[in-house]
file target_17.csv (CSV, C-alpha atoms)
chain,number,residue,atom,x,y,z
A,279,MET,CA,-21.6,14.5,-2.1
A,280,ARG,CA,-18.9,14.2,-4.8
A,281,VAL,CA,-15.3,13.1,-4.5
A,282,VAL,CA,-12.7,13.4,-7.3
A,283,VAL,CA,-9.9,10.9,-7.1
A,284,TYR,CA,-6.6,11.5,-8.9
A,285,GLY,CA,-5.8,8.2,-10.6
A,286,ALA,CA,-8.2,5.9,-12.5
A,287,GLY,CA,-7.1,2.5,-11.4
A,288,GLN,CA,-8.6,-0.2,-9.2
A,289,LEU,CA,-8.4,1.8,-6.0
A,290,ALA,CA,-10.6,4.5,-7.5
A,291,GLN,CA,-12.9,1.8,-8.8
A,292,MET,CA,-13.3,0.3,-5.3
A,293,MET,CA,-13.8,3.8,-3.7
A,294,TYR,CA,-16.6,4.3,-6.2
A,295,LEU,CA,-18.2,1.0,-5.3
A,296,ALA,CA,-17.9,1.8,-1.6
A,297,GLY,CA,-19.3,5.4,-2.1
A,298,SER,CA,-22.5,4.5,-4.0
A,299,PRO,CA,-24.4,3.2,-1.0
A,300,LEU,CA,-23.5,6.4,1.0
A,301,GLY,CA,-24.8,8.6,-1.8
A,302,ILE,CA,-21.2,9.7,-2.6
A,303,ASP,CA,-20.5,10.1,-6.3
A,304,VAL,CA,-16.9,9.3,-7.1
A,305,GLN,CA,-15.2,10.6,-10.2
A,306,ALA,CA,-11.6,9.7,-11.3
A,307,VAL,CA,-8.9,11.6,-13.1
A,308,ASP,CA,-6.7,9.9,-15.6
A,309,VAL,CA,-3.5,11.7,-14.7
A,310,ASN,CA,-1.8,10.8,-18.0
A,311,ASN,CA,-4.1,13.1,-19.9
A,312,ASP,CA,-5.9,15.2,-17.2
A,313,THR,CA,-9.3,13.6,-18.2
A,314,VAL,CA,-12.2,13.1,-15.9
A,315,VAL,CA,-13.4,9.5,-16.3
A,316,HIS,CA,-15.9,7.1,-14.7
A,317,PRO,CA,-14.0,5.0,-12.1
A,318,VAL,CA,-15.3,1.7,-13.3
A,319,SER,CA,-15.8,1.9,-17.1
A,320,LYS,CA,-13.0,4.5,-17.5
A,321,THR,CA,-15.3,6.2,-20.0
A,322,PRO,CA,-14.4,10.0,-20.3
A,323,LEU,CA,-17.0,12.2,-18.7
A,324,ASP,CA,-18.0,15.4,-20.4
A,325,ILE,CA,-16.6,17.5,-17.6
A,326,PRO,CA,-13.4,19.6,-17.8
A,327,LEU,CA,-11.0,19.0,-14.9
A,328,ASP,CA,-11.3,22.5,-13.6
A,329,GLU,CA,-15.1,22.2,-13.4
A,330,ALA,CA,-14.9,18.9,-11.7
A,331,LEU,CA,-12.7,20.4,-9.0
A,332,VAL,CA,-15.1,23.2,-8.4
A,333,GLY,CA,-18.0,20.8,-8.1
A,334,ALA,CA,-16.3,18.4,-5.8
A,335,ASP,CA,-16.8,18.3,-2.0
A,336,ALA,CA,-13.4,16.6,-1.6
A,337,LEU,CA,-10.3,15.7,-3.7
A,338,THR,CA,-8.1,12.7,-2.9
A,339,VAL,CA,-5.6,10.3,-4.5
A,340,GLU,CA,-5.4,6.6,-5.2
A,341,PHE,CA,-1.6,6.7,-5.5
A,342,GLU,CA,1.1,8.9,-4.4
A,343,HIS,CA,2.9,9.5,-7.7
A,344,VAL,CA,0.4,12.0,-9.1
A,345,PRO,CA,2.2,14.8,-11.1
A,346,GLU,CA,3.0,17.6,-8.7
A,347,ARG,CA,1.5,20.2,-11.0
A,348,LEU,CA,-1.9,18.6,-10.5
A,349,LEU,CA,-1.4,18.3,-6.8
A,350,GLU,CA,-0.5,22.0,-6.5
A,351,VAL,CA,-3.7,23.0,-8.3
A,352,ALA,CA,-5.7,20.7,-6.1
A,353,ALA,CA,-4.1,22.0,-3.0
A,354,GLN,CA,-5.2,25.6,-3.9
A,355,THR,CA,-8.8,24.5,-3.6
A,356,ASN,CA,-8.4,23.6,0.1
A,357,LYS,CA,-10.3,20.4,-0.7
A,358,LEU,CA,-7.3,18.0,-1.1
A,359,MET,CA,-7.2,15.2,1.5
A,360,PRO,CA,-4.7,14.0,2.6
A,361,ASN,CA,-2.8,17.3,2.3
A,362,ILE,CA,-0.2,17.8,-0.4
A,363,GLN,CA,2.7,17.5,2.1
A,364,SER,CA,1.5,14.0,3.2
A,365,ILE,CA,1.1,12.8,-0.4
A,366,LEU,CA,4.6,14.1,-1.3
A,367,VAL,CA,6.1,12.2,1.7
A,368,GLY,CA,4.7,9.0,0.3
A,369,ALA,CA,6.1,9.7,-3.2
A,370,ASP,CA,9.7,10.4,-2.0
A,371,ARG,CA,11.7,8.1,0.4
A,372,VAL,CA,14.0,10.9,1.4
A,373,ARG,CA,11.1,13.0,2.6
A,374,GLU,CA,9.6,9.9,4.2
A,375,LYS,CA,12.8,9.2,6.2
A,376,HIS,CA,13.1,12.8,7.2
A,377,LEU,CA,9.5,12.7,8.5
A,378,LEU,CA,10.1,9.5,10.5
A,379,GLN,CA,13.3,10.9,12.0
A,380,THR,CA,11.7,14.2,12.9
A,381,MET,CA,8.8,12.5,14.6
A,382,GLY,CA,11.0,10.1,16.5
A,383,VAL,CA,9.4,7.0,14.8
A,384,ALA,CA,11.6,4.0,14.7
A,385,ASN,CA,12.7,2.9,11.2
A,386,CYS,CA,15.5,1.1,9.5
A,387,GLU,CA,19.0,2.5,9.9
A,388,HIS,CA,19.9,4.3,6.7
A,389,LYS,CA,22.0,6.8,4.7
A,390,ILE,CA,21.1,9.1,1.8
A,391,VAL,CA,23.3,8.8,-1.2
A,392,THR,CA,23.6,11.4,-3.9
A,393,HIS,CA,26.9,10.1,-5.4
A,394,LEU,CA,28.1,6.6,-6.0
A,395,ASP,CA,31.3,7.2,-4.1
A,396,GLN,CA,29.2,7.5,-0.9
A,397,LEU,CA,28.4,3.8,-1.1
A,398,ASP,CA,31.8,3.0,0.5
A,399,GLU,CA,30.8,5.1,3.5
A,400,CYS,CA,27.5,3.3,3.7
A,401,VAL,CA,29.3,0.0,3.9
A,402,ASP,CA,31.6,1.3,6.6
A,403,ALA,CA,28.7,2.7,8.6
A,404,LEU,CA,25.9,0.1,8.0
A,405,GLY,CA,27.7,-3.1,7.1
A,406,SER,CA,27.9,-5.1,3.9
A,407,LYS,CA,24.2,-6.3,3.8
A,408,LEU,CA,22.3,-3.4,2.3
A,409,ILE,CA,19.2,-2.7,0.4
A,410,LEU,CA,19.2,0.3,-1.9
A,411,LYS,CA,16.0,2.1,-2.9
A,412,ALA,CA,15.4,4.8,-5.5
A,413,SER,CA,13.9,7.7,-3.6
A,414,ARG,CA,11.2,8.2,-6.2
A,415,ASP,CA,9.0,6.1,-8.5
A,416,GLY,CA,9.9,2.7,-6.9
A,417,TYR,CA,7.1,0.2,-6.1
A,418,ASP,CA,6.4,-3.5,-6.1
A,419,GLY,CA,10.2,-4.2,-6.0
A,420,TYR,CA,11.1,-1.9,-8.8
A,421,GLY,CA,13.9,0.6,-8.2
A,422,GLN,CA,15.6,-1.6,-5.6
A,423,TRP,CA,19.0,-3.2,-5.5
A,424,ARG,CA,20.7,-5.4,-2.9
A,425,LEU,CA,24.3,-5.8,-1.6
A,426,SER,CA,25.0,-9.1,0.2
A,427,ASP,CA,28.7,-8.8,0.5
A,428,ASP,CA,31.2,-5.9,0.1
A,429,ALA,CA,33.0,-7.9,-2.6
A,430,GLU,CA,29.9,-7.1,-4.8
A,431,LEU,CA,30.3,-3.4,-4.4
A,432,PRO,CA,32.2,-2.7,-7.6
A,433,GLU,CA,29.7,-4.6,-9.7
A,434,LEU,CA,26.8,-2.8,-7.9
A,435,LYS,CA,28.3,0.6,-8.6
A,436,GLN,CA,28.7,-0.3,-12.2
A,437,SER,CA,25.0,-1.3,-12.5
A,438,LEU,CA,24.0,2.0,-11.0
A,439,GLN,CA,26.0,4.1,-13.4
A,440,GLY,CA,23.8,6.6,-15.3
A,441,LEU,CA,21.4,7.2,-12.4
A,442,ASP,CA,20.7,10.8,-11.7
A,443,LEU,CA,21.4,10.6,-8.0
A,444,GLU,CA,21.6,14.4,-7.5
A,445,ASN,CA,17.9,14.7,-8.4
A,446,VAL,CA,16.8,11.2,-7.4
A,447,PRO,CA,19.0,10.1,-4.5
A,448,LEU,CA,19.2,6.6,-3.1
A,449,VAL,CA,18.1,5.6,0.3
A,450,VAL,CA,20.5,2.9,1.5
A,451,GLU,CA,19.2,0.9,4.4
A,452,LYS,CA,20.9,-1.7,6.6
A,453,MET,CA,19.2,-5.0,5.9
A,454,VAL,CA,17.0,-5.9,8.9
A,455,ALA,CA,16.7,-9.5,10.1
A,456,PHE,CA,13.0,-9.1,10.8
A,457,ASP,CA,10.7,-11.8,12.0
A,458,ARG,CA,7.9,-10.9,9.7
A,459,GLU,CA,6.3,-8.0,7.7
A,460,LEU,CA,3.1,-6.4,9.0
A,461,SER,CA,1.0,-3.4,8.1
A,462,LEU,CA,-1.4,-1.2,9.9
A,463,ILE,CA,-4.3,0.5,8.1
A,464,GLY,CA,-5.7,3.5,10.0
A,465,VAL,CA,-8.0,6.4,9.3
A,466,ARG,CA,-8.1,10.0,10.7
A,467,ASN,CA,-10.7,12.7,10.0
A,468,ALA,CA,-10.4,16.5,10.1
A,469,LYS,CA,-11.6,16.5,13.7
A,470,GLY,CA,-8.6,14.3,14.8
A,471,ASP,CA,-10.7,11.2,15.3
A,472,ILE,CA,-8.7,8.1,14.7
A,473,ARG,CA,-9.6,4.4,14.1
A,474,THR,CA,-7.1,1.7,13.3
A,475,TYR,CA,-7.7,-1.8,11.9
A,476,PRO,CA,-6.1,-5.0,13.3
A,477,LEU,CA,-2.5,-5.5,12.1
A,478,ALA,CA,-2.2,-7.6,8.9
A,479,GLU,CA,0.6,-10.0,8.2
A,480,ASN,CA,2.0,-9.7,4.7
A,481,LEU,CA,3.8,-12.2,2.5
A,482,HIS,CA,5.8,-10.8,-0.4
A,483,HIS,CA,7.4,-12.5,-3.5
A,484,GLN,CA,9.8,-10.6,-5.7
A,485,GLY,CA,8.9,-7.3,-4.0
A,486,GLN,CA,5.2,-7.7,-4.5
A,487,LEU,CA,2.5,-8.4,-1.9
A,488,HIS,CA,1.0,-11.8,-2.6
A,489,VAL,CA,-1.0,-12.7,0.6
A,490,SER,CA,-2.3,-10.7,3.6
A,491,VAL,CA,-3.8,-12.3,6.7
A,492,ALA,CA,-5.8,-10.2,9.1
A,493,PRO,CA,-5.9,-10.0,12.0
A,494,ALA,CA,-2.3,-11.2,12.0
A,495,THR,CA,-1.6,-14.3,14.1
A,496,ASN,CA,0.2,-14.0,17.4
A,497,VAL,CA,-0.4,-10.3,18.0
A,498,ASP,CA,-0.9,-9.3,21.6
A,499,GLU,CA,-2.5,-6.2,22.9
A,500,ALA,CA,0.9,-4.5,23.4
A,501,LEU,CA,2.0,-5.0,19.8
A,502,GLN,CA,-1.3,-3.7,18.4
A,503,GLN,CA,-1.1,-0.7,20.8
A,504,GLN,CA,2.5,0.0,19.6
A,505,ALA,CA,1.3,0.1,16.0
A,506,HIS,CA,-1.7,2.3,16.9
A,507,ASP,CA,0.7,4.7,18.7
A,508,ILE,CA,2.9,4.9,15.6
A,509,PHE,CA,-0.1,5.6,13.4
A,510,THR,CA,-1.3,8.3,15.8
A,511,THR,CA,2.1,10.0,16.0
A,512,LEU,CA,2.3,10.1,12.2
A,513,ALA,CA,-1.3,11.0,11.4
A,514,ASP,CA,-1.5,13.8,14.0
A,515,GLY,CA,1.9,15.1,13.1
A,516,MET,CA,1.0,15.4,9.4
A,517,ASP,CA,-2.6,16.7,10.2
A,518,TYR,CA,-3.6,13.8,8.0
A,519,VAL,CA,-7.2,13.2,6.7
A,520,GLY,CA,-8.1,9.9,5.2
A,521,VAL,CA,-6.7,6.3,5.2
A,522,LEU,CA,-2.9,5.9,5.8
A,523,ALA,CA,-1.1,2.6,5.5
A,524,VAL,CA,2.0,2.0,7.6
A,525,GLU,CA,4.2,-0.9,6.5
A,526,LEU,CA,6.2,-2.4,9.3
A,527,PHE,CA,8.9,-4.9,10.2
A,528,GLN,CA,8.5,-6.8,13.4
A,529,VAL,CA,11.9,-7.4,15.1
A,530,ASN,CA,11.2,-9.4,18.4
A,531,ASP,CA,8.7,-7.1,20.2
A,532,THR,CA,9.6,-3.9,18.3
A,533,LEU,CA,8.0,-2.5,15.2
A,534,LEU,CA,10.1,-0.5,12.6
A,535,VAL,CA,8.4,1.5,9.9
A,536,ASN,CA,9.4,0.4,6.5
A,537,GLU,CA,7.2,2.6,4.2
A,538,LEU,CA,4.2,4.8,4.3
A,539,ALA,CA,1.4,4.9,1.7
A,540,PRO,CA,-0.9,8.0,2.0
A,541,ARG,CA,-4.0,6.2,0.6
A,542,VAL,CA,-6.0,3.1,0.7
A,543,HIS,CA,-3.7,0.1,0.4
A,544,ASN,CA,-3.4,-3.4,-1.0
A,545,SER,CA,-2.9,-4.9,2.4
A,546,GLY,CA,-6.2,-3.4,3.6
A,547,HIS,CA,-8.3,-5.1,0.9
A,548,TRP,CA,-9.3,-7.8,3.3
A,549,SER,CA,-11.5,-5.2,5.1
A,550,GLN,CA,-14.0,-5.3,2.2
A,551,SER,CA,-15.5,-8.5,3.6
A,552,GLY,CA,-13.5,-9.0,6.8
A,553,ALA,CA,-14.2,-5.8,8.7
A,554,VAL,CA,-17.3,-4.0,9.9
A,555,THR,CA,-16.3,-1.0,7.7
A,556,SER,CA,-14.0,-1.3,4.7
A,557,GLN,CA,-10.9,0.9,4.3
A,558,PHE,CA,-12.6,2.4,1.1
A,559,GLU,CA,-15.7,3.4,2.9
A,560,ASN,CA,-13.7,4.8,5.8
A,561,HIS,CA,-11.5,6.9,3.5
A,562,LEU,CA,-14.6,8.4,1.9
A,563,ARG,CA,-16.2,9.0,5.3
A,564,ALA,CA,-13.0,10.8,6.5
A,565,VAL,CA,-12.6,13.1,3.5
A,566,CYS,CA,-16.3,13.9,3.4
A,567,GLY,CA,-16.5,14.8,7.0
A,568,LEU,CA,-18.7,11.9,8.0
A,569,PRO,CA,-18.3,9.9,11.2
A,570,LEU,CA,-15.7,7.1,11.0
A,571,GLY,CA,-16.9,3.5,10.8
A,572,ASP,CA,-16.0,0.6,13.1
A,573,THR,CA,-12.7,-1.0,12.1
A,574,SER,CA,-13.2,-4.3,14.0
A,575,ALA,CA,-12.5,-7.6,12.2
A,576,LEU,CA,-15.4,-9.9,11.6
A,577,GLY,CA,-13.1,-12.9,11.7
A,578,PRO,CA,-9.8,-14.2,10.4
A,579,SER,CA,-9.5,-13.1,6.7
A,580,ALA,CA,-7.0,-13.4,3.9
A,581,MET,CA,-6.5,-11.4,0.7
A,582,VAL,CA,-4.8,-13.2,-2.2
A,583,ASN,CA,-3.5,-11.0,-5.0
A,584,ILE,CA,-4.0,-12.2,-8.6
A,585,ILE,CA,-0.8,-11.1,-10.3
A,586,GLY,CA,0.1,-11.5,-14.0
A,587,CYS,CA,-2.6,-14.0,-15.0
A,588,SER,CA,-6.3,-14.3,-15.9
A,589,SER,CA,-6.6,-18.0,-16.4
A,590,PHE,CA,-8.3,-19.4,-13.3
A,591,SER,CA,-11.6,-21.0,-12.5
A,592,ARG,CA,-14.4,-18.8,-11.3
A,593,GLU,CA,-15.6,-21.9,-9.5
A,594,LEU,CA,-13.5,-20.7,-6.6
A,595,LEU,CA,-16.6,-18.8,-5.6
A,596,SER,CA,-18.1,-22.1,-4.5
A,597,ILE,CA,-15.9,-21.7,-1.4
A,598,ASP,CA,-18.0,-20.2,1.3
A,599,GLY,CA,-16.7,-16.8,2.4
A,600,SER,CA,-14.8,-16.2,-0.8
A,601,HIS,CA,-15.1,-13.0,-2.8
A,602,LEU,CA,-13.6,-12.2,-6.2
A,603,HIS,CA,-12.6,-8.6,-7.1
A,604,TRP,CA,-11.6,-8.2,-10.7
A,605,TYR,CA,-10.0,-5.0,-12.0
A,606,GLY,CA,-10.7,-5.4,-15.8
A,607,LYS,CA,-7.1,-4.9,-16.9
A,608,SER,CA,-5.2,-6.4,-19.8
A,609,VAL,CA,-2.8,-9.1,-18.6
A,610,ARG,CA,0.8,-8.1,-18.1
A,611,ASP,CA,3.7,-9.6,-16.2
A,612,LYS,CA,3.7,-8.7,-12.5
A,613,ARG,CA,0.5,-6.6,-13.0
A,614,LYS,CA,-2.2,-6.8,-10.3
A,615,MET,CA,-5.2,-8.2,-12.1
A,616,GLY,CA,-7.5,-8.6,-9.1
A,617,HIS,CA,-7.7,-10.1,-5.7
A,618,ILE,CA,-9.6,-12.8,-3.7
A,619,ASN,CA,-10.9,-12.2,-0.2
A,620,VAL,CA,-11.6,-15.1,2.1
A,621,THR,CA,-13.2,-14.7,5.5
A,622,THR,CA,-13.9,-17.4,8.1
A,623,ASP,CA,-14.4,-18.1,11.8
A,624,SER,CA,-10.9,-19.5,12.7
A,625,TYR,CA,-7.4,-19.5,11.4
A,626,HIS,CA,-7.6,-23.3,11.0
A,627,GLN,CA,-10.6,-22.9,8.8
A,628,LEU,CA,-9.0,-20.1,6.9
A,629,GLY,CA,-6.1,-22.4,6.1
A,630,GLU,CA,-8.5,-25.1,4.9
A,631,LYS,CA,-10.2,-22.6,2.6
A,632,LEU,CA,-7.0,-21.2,1.2
A,633,MET,CA,-5.9,-24.8,0.5
A,634,ALA,CA,-9.3,-25.3,-1.3
A,635,LEU,CA,-8.7,-22.1,-3.2
A,636,SER,CA,-5.4,-23.4,-4.5
A,637,GLN,CA,-7.3,-26.1,-6.4
A,638,TYR,CA,-8.8,-23.4,-8.7
A,639,LEU,CA,-5.6,-21.4,-9.4
A,640,PRO,CA,-2.4,-21.8,-11.5
A,641,LEU,CA,0.0,-22.1,-8.6
A,642,GLU,CA,3.0,-20.8,-10.5
A,643,TYR,CA,1.4,-17.4,-10.1
A,644,PHE,CA,0.6,-17.9,-6.4
A,645,PRO,CA,3.9,-19.1,-4.9
A,646,LYS,CA,3.0,-18.2,-1.3
A,647,LEU,CA,-0.5,-19.6,-1.1
A,648,VAL,CA,0.0,-23.3,-0.2
A,649,ALA,CA,2.7,-22.6,2.4
A,650,GLU,CA,0.5,-20.0,4.1
A,651,ALA,CA,-2.6,-22.3,4.0
A,652,THR,CA,-0.5,-25.1,5.6
A,653,ARG,CA,0.8,-22.7,8.3
A,654,LEU,CA,-2.7,-21.5,9.2
A,655,LYS,CA,-4.1,-25.0,9.4
A,656,GLY,CA,-1.5,-25.7,12.0
call {"tool": "encode", "arguments": {"input": "target_17.csv", "output": "C-alpha cells"}}
result
Amino acid sequence: MRVVVYGAGQLAQMMYLAGSPLGIDVQAVDVNNDTVVHPVSKTPLDIPLDEALVGADALTVEFEHVPERLLEVAAQTNKLMPNIQSILVGADRVREKHLLQTMGVANCEHKIVTHLDQLDECVDALGSKLILKASRDGYDGYGQWRLSDDAELPELKQSLQGLDLENVPLVVEKMVAFDRELSLIGVRNAKGDIRTYPLAENLHHQGQLHVSVAPATNVDEALQQQAHDIFTTLADGMDYVGVLAVELFQVNDTLLVNELAPRVHNSGHWSQSGAVTSQFENHLRAVCGLPLGDTSALGPSAMVNIIGCSSFSRELLSIDGSHLHWYGKSVRDKRKMGHINVTTDSYHQLGEKLMALSQYLPLEYFPKLVAEATRLKG
C-alpha cells in the first residue's frame, strides 16, 4: 500500500515510521514547490506529483493549511481522506464555528467580525474580556489578540488596522474561565467504526503546547463519554476518515470545543509509547481501509515538547520509559524541534520521572515542566 501525505514535516515523518511495519509506503509532498519527497530525509523522489497521486492507495494531510488548489486536485481522485470539506473546516475558524453550531456542539460564545466597527457590538454582546482570532493561518498563538478591558478597545482597533477582514474575518470569542484544557484524539474509518483515546490534559505557554499528560488526571467515565460523544457527532457528521483532534475547555463538568484539527495532532504524540496503537498507525489504518487498533493507554504518559532549542543532554534517555523523537530541523524561536515521551505505571512515578527529566534540559525552554512534575508527584 502507498499513502501520499500533503506536507513534509514531522507528522509525515512519524506517519512514515508508523507505516513501515505495516508494509505501507508513505511519501510526502512539499507543498511549497509541489515536489514529492522522502518523509524522513526530505530528498526529492524522481516521481512527478500527478504520477504519485495515481499510484497512491490514499491521500491525506499532515496539516490543514495545504493550498486549496492542491486539495481540489486531490479530491478529484476520490482518494483524499479526510475529505476536503473536513480539511477546509480545520483551516478556517469561521467554517469551524459554523460546523459546531450546525451540529449543536457546545463551543465558546462568539461573533464573526468583518469590519473593525463591529468590535463595539462584540463588547456589548460578549463583555470586555475577549480573545480575537484570525479565521485563517493562525496557530501556536499567532494571529490572536486579547482584550482585557473595554478601555483597551481604541488601542486594539489601531493595532488591527490594515487587516483584510472582509477576506479573513476575525472570530471574537468571550474569554472562558475554564478549569483546564483537554484534548481528545479519535479515529474513524470509512465503515463508520470509531475509536477514541483517553482524554489528554494540555499545558500551554504563549499559545504553544508544552506538556500533555494522558490519560488526564481526574477524568470520570461521564466526562470521557461526553468527549467521545462530541467526537462521534463531529466525525459522523463530516463523514470523516482518519484521525481527528478535538481541543476542549473543561468548565466544571461541561466540555466546550475550542478547536478542531483534521489530522494527527501534537497532543496525541504520547500514544507512540503510551497506547496500544499510536495515533499515526491508526490514521494509516483508517485511510487504508484496515481494521482500527486498540486505543487503550498502557499507563500514565507525558509528552514534553522541545521548542526553540537543541542544547540538551541525550543522557535523558537513561530515564526508564523515556523516548526522544527528534525532527531534524534547524533551530528557530518557538519552533517545535522534537518531543520527549515518558510512560510509567502511576502518576506519582510520572511526576518523579518528569522531575528527573528536568535535570537534563535548559529549563528556560521548558517553563511548565517542573510545576507539572510537582503536581503529579502529589
call {"tool": "residues_around", "arguments": {"input": "target_17.csv", "residues": "region 475-483 of chain A", "least_positions_apart": "4", "cutoff": "9 Å", "atoms": "all atoms listed in the file", "output": "PyMOL selection string"}}
result
chain A and resi 458-465+487-495+497+501-502+505-506+545-546+549+553+557+572-575+645-646+650
call {"tool": "residues_near_point", "arguments": {"input": "target_17.csv", "point": "(28.8, 6.8, -7.3)", "cutoff": "12 Å", "atoms": "only C-alpha atoms", "output": "JSON, numbers by chain"}}
result
{"A": [391, 392, 393, 394, 395, 396, 397, 398, 399, 400, 431, 432, 433, 434, 435, 436, 437, 438, 439, 440, 441, 442, 443, 444, 447, 448]}
call {"tool": "residues_around", "arguments": {"input": "target_17.csv", "residues": "Ala306 (chain A)", "least_positions_apart": "6", "cutoff": "8 Å", "atoms": "only C-alpha atoms", "output": "list of chain:residue names"}}
result
A:Val282, A:Val283, A:Tyr284, A:Gly285, A:Ala286, A:Ala290, A:Val314, A:Val315, A:His316, A:Pro317
call {"tool": "residues_around", "arguments": {"input": "target_17.csv", "residues": "Ser426 (chain A)", "least_positions_apart": "3", "cutoff": "12 Å", "atoms": "all atoms listed in the file", "output": "ChimeraX atom specification"}}
result
/A:401,405-410,423,429-431,433-434,452-453
call {"tool": "write_last_selection", "arguments": {"input": "target_17.csv", "atoms": "C-alpha atoms", "output": "mmCIF file, keeping the file's coordinate frame"}}
result
data_model
loop_
_atom_site.group_PDB
_atom_site.id
_atom_site.type_symbol
_atom_site.label_atom_id
_atom_site.label_comp_id
_atom_site.auth_asym_id
_atom_site.auth_seq_id
_atom_site.Cartn_x
_atom_site.Cartn_y
_atom_site.Cartn_z
ATOM 1 C CA VAL A 401 29.300 0.000 3.900
ATOM 2 C CA GLY A 405 27.700 -3.100 7.100
ATOM 3 C CA SER A 406 27.900 -5.100 3.900
ATOM 4 C CA LYS A 407 24.200 -6.300 3.800
ATOM 5 C CA LEU A 408 22.300 -3.400 2.300
ATOM 6 C CA ILE A 409 19.200 -2.700 0.400
ATOM 7 C CA LEU A 410 19.200 0.300 -1.900
ATOM 8 C CA TRP A 423 19.000 -3.200 -5.500
ATOM 9 C CA ALA A 429 33.000 -7.900 -2.600
ATOM 10 C CA GLU A 430 29.900 -7.100 -4.800
ATOM 11 C CA LEU A 431 30.300 -3.400 -4.400
ATOM 12 C CA GLU A 433 29.700 -4.600 -9.700
ATOM 13 C CA LEU A 434 26.800 -2.800 -7.900
ATOM 14 C CA LYS A 452 20.900 -1.700 6.600
ATOM 15 C CA MET A 453 19.200 -5.000 5.900
#
call {"tool": "atom_distance", "arguments": {"input": "target_17.csv", "atom1": "CA of Ser413 (chain A)", "atom2": "CA of Arg371 (chain A)"}}
result
4.6 Å
call {"tool": "residues_near_point", "arguments": {"input": "target_17.csv", "point": "(-11.8, -20.8, 10.4)", "cutoff": "12 Å", "atoms": "only C-alpha atoms", "output": "list of chain:residue names"}}
result
A:Leu576, A:Gly577, A:Pro578, A:Ser579, A:Ala580, A:Asp598, A:Gly599, A:Val620, A:Thr621, A:Thr622, A:Asp623, A:Ser624, A:Tyr625, A:His626, A:Gln627, A:Leu628, A:Gly629, A:Glu630, A:Lys631, A:Leu632, A:Ala651, A:Leu654, A:Lys655, A:Gly656
call {"tool": "closest_residue", "arguments": {"input": "target_17.csv", "among": "A:Thr555, A:Thr321, A:Gln354, A:Gln305", "to": "Gly333 (chain A)", "atoms": "all atoms listed in the file"}}
result
A:Gln305
call {"tool": "closest_atom_pairs", "arguments": {"input": "target_17.csv", "of": "region 293-371 of chain A", "to": "region 513-525 of chain A", "cutoff": "12 Å", "atoms": "only C-alpha atoms", "output": "Markdown table"}}
result
| residue | atom | partner | partner_atom | distance |
| --- | --- | --- | --- | --- |
| A:Met293 | CA | A:Val521 | CA | 11.7 |
| A:Ala336 | CA | A:Val519 | CA | 10.9 |
| A:Leu337 | CA | A:Gly520 | CA | 10.8 |
| A:Thr338 | CA | A:Gly520 | CA | 8.6 |
| A:Val339 | CA | A:Gly520 | CA | 10.0 |
| A:Glu340 | CA | A:Val521 | CA | 10.5 |
| A:Phe341 | CA | A:Leu522 | CA | 11.4 |
| A:Glu342 | CA | A:Leu522 | CA | 11.4 |
| A:Lys357 | CA | A:Val519 | CA | 10.8 |
| A:Leu358 | CA | A:Val519 | CA | 9.2 |
| A:Met359 | CA | A:Val519 | CA | 5.6 |
| A:Pro360 | CA | A:Val519 | CA | 4.9 |
| A:Asn361 | CA | A:Tyr518 | CA | 6.7 |
| A:Ile362 | CA | A:Tyr518 | CA | 9.9 |
| A:Gln363 | CA | A:Met516 | CA | 7.8 |
| A:Ser364 | CA | A:Met516 | CA | 6.4 |
| A:Ile365 | CA | A:Tyr518 | CA | 9.7 |
| A:Leu366 | CA | A:Met516 | CA | 11.4 |
| A:Val367 | CA | A:Met516 | CA | 9.8 |
| A:Gly368 | CA | A:Leu522 | CA | 9.9 |
call {"tool": "atom_distance", "arguments": {"input": "target_17.csv", "atom1": "CA of His561 (chain A)", "atom2": "CA of Gly297 (chain A)"}}
result
9.7 Å
call {"tool": "closest_residue", "arguments": {"input": "target_17.csv", "among": "A:Val344, A:Arg610, A:Phe558, A:Tyr638", "to": "Ile597 (chain A)", "atoms": "all atoms listed in the file"}}
result
A:Tyr638
call {"tool": "closest_residue", "arguments": {"input": "target_17.csv", "among": "A:Val450, A:Asn356, A:Ala564, A:Ala634", "to": "Gly470 (chain A)", "atoms": "all atoms listed in the file"}}
result
A:Ala564
call {"tool": "atom_distance", "arguments": {"input": "target_17.csv", "atom1": "CA of Val529 (chain A)", "atom2": "CA of Phe456 (chain A)"}}
result
4.8 Å
call {"tool": "closest_residue", "arguments": {"input": "target_17.csv", "among": "A:Leu327, A:Leu378, A:Leu526, A:Cys587", "to": "Asn311 (chain A)", "atoms": "all atoms listed in the file"}}
result
A:Leu327
call {"tool": "closest_residue", "arguments": {"input": "target_17.csv", "among": "A:Asp498, A:Asp611, A:Leu639, A:Thr380", "to": "Thr511 (chain A)", "atoms": "all atoms listed in the file"}}
result
A:Thr380
call {"tool": "build_atoms", "arguments": {"input": "target_17.csv", "residues": "region 409-413 of chain A", "atoms": "N, CA, C and O atoms", "output": "PDB file, in the coordinates of the input"}}
result
ATOM      1  N   ILE A 409      20.164  -2.768   1.419  1.00  0.00           N
ATOM      2  CA  ILE A 409      19.200  -2.700   0.400  1.00  0.00           C
ATOM      3  C   ILE A 409      19.126  -1.202  -0.074  1.00  0.00           C
ATOM      4  O   ILE A 409      19.082  -0.289   0.757  1.00  0.00           O
ATOM      5  N   LEU A 410      19.213  -0.997  -1.376  1.00  0.00           N
ATOM      6  CA  LEU A 410      19.200   0.300  -1.900  1.00  0.00           C
ATOM      7  C   LEU A 410      17.915   0.611  -2.644  1.00  0.00           C
ATOM      8  O   LEU A 410      17.441  -0.224  -3.430  1.00  0.00           O
ATOM      9  N   LYS A 411      17.308   1.753  -2.345  1.00  0.00           N
ATOM     10  CA  LYS A 411      16.000   2.100  -2.900  1.00  0.00           C
ATOM     11  C   LYS A 411      16.049   3.442  -3.574  1.00  0.00           C
ATOM     12  O   LYS A 411      16.511   4.418  -2.965  1.00  0.00           O
ATOM     13  N   ALA A 412      15.571   3.497  -4.804  1.00  0.00           N
ATOM     14  CA  ALA A 412      15.400   4.800  -5.500  1.00  0.00           C
ATOM     15  C   ALA A 412      14.430   5.617  -4.649  1.00  0.00           C
ATOM     16  O   ALA A 412      13.409   5.107  -4.184  1.00  0.00           O
ATOM     17  N   SER A 413      14.718   6.892  -4.451  1.00  0.00           N
ATOM     18  CA  SER A 413      13.900   7.700  -3.600  1.00  0.00           C
ATOM     19  C   SER A 413      12.530   8.048  -4.220  1.00  0.00           C
ATOM     20  O   SER A 413      11.592   8.416  -3.514  1.00  0.00           O
TER      21      SER A 413
END
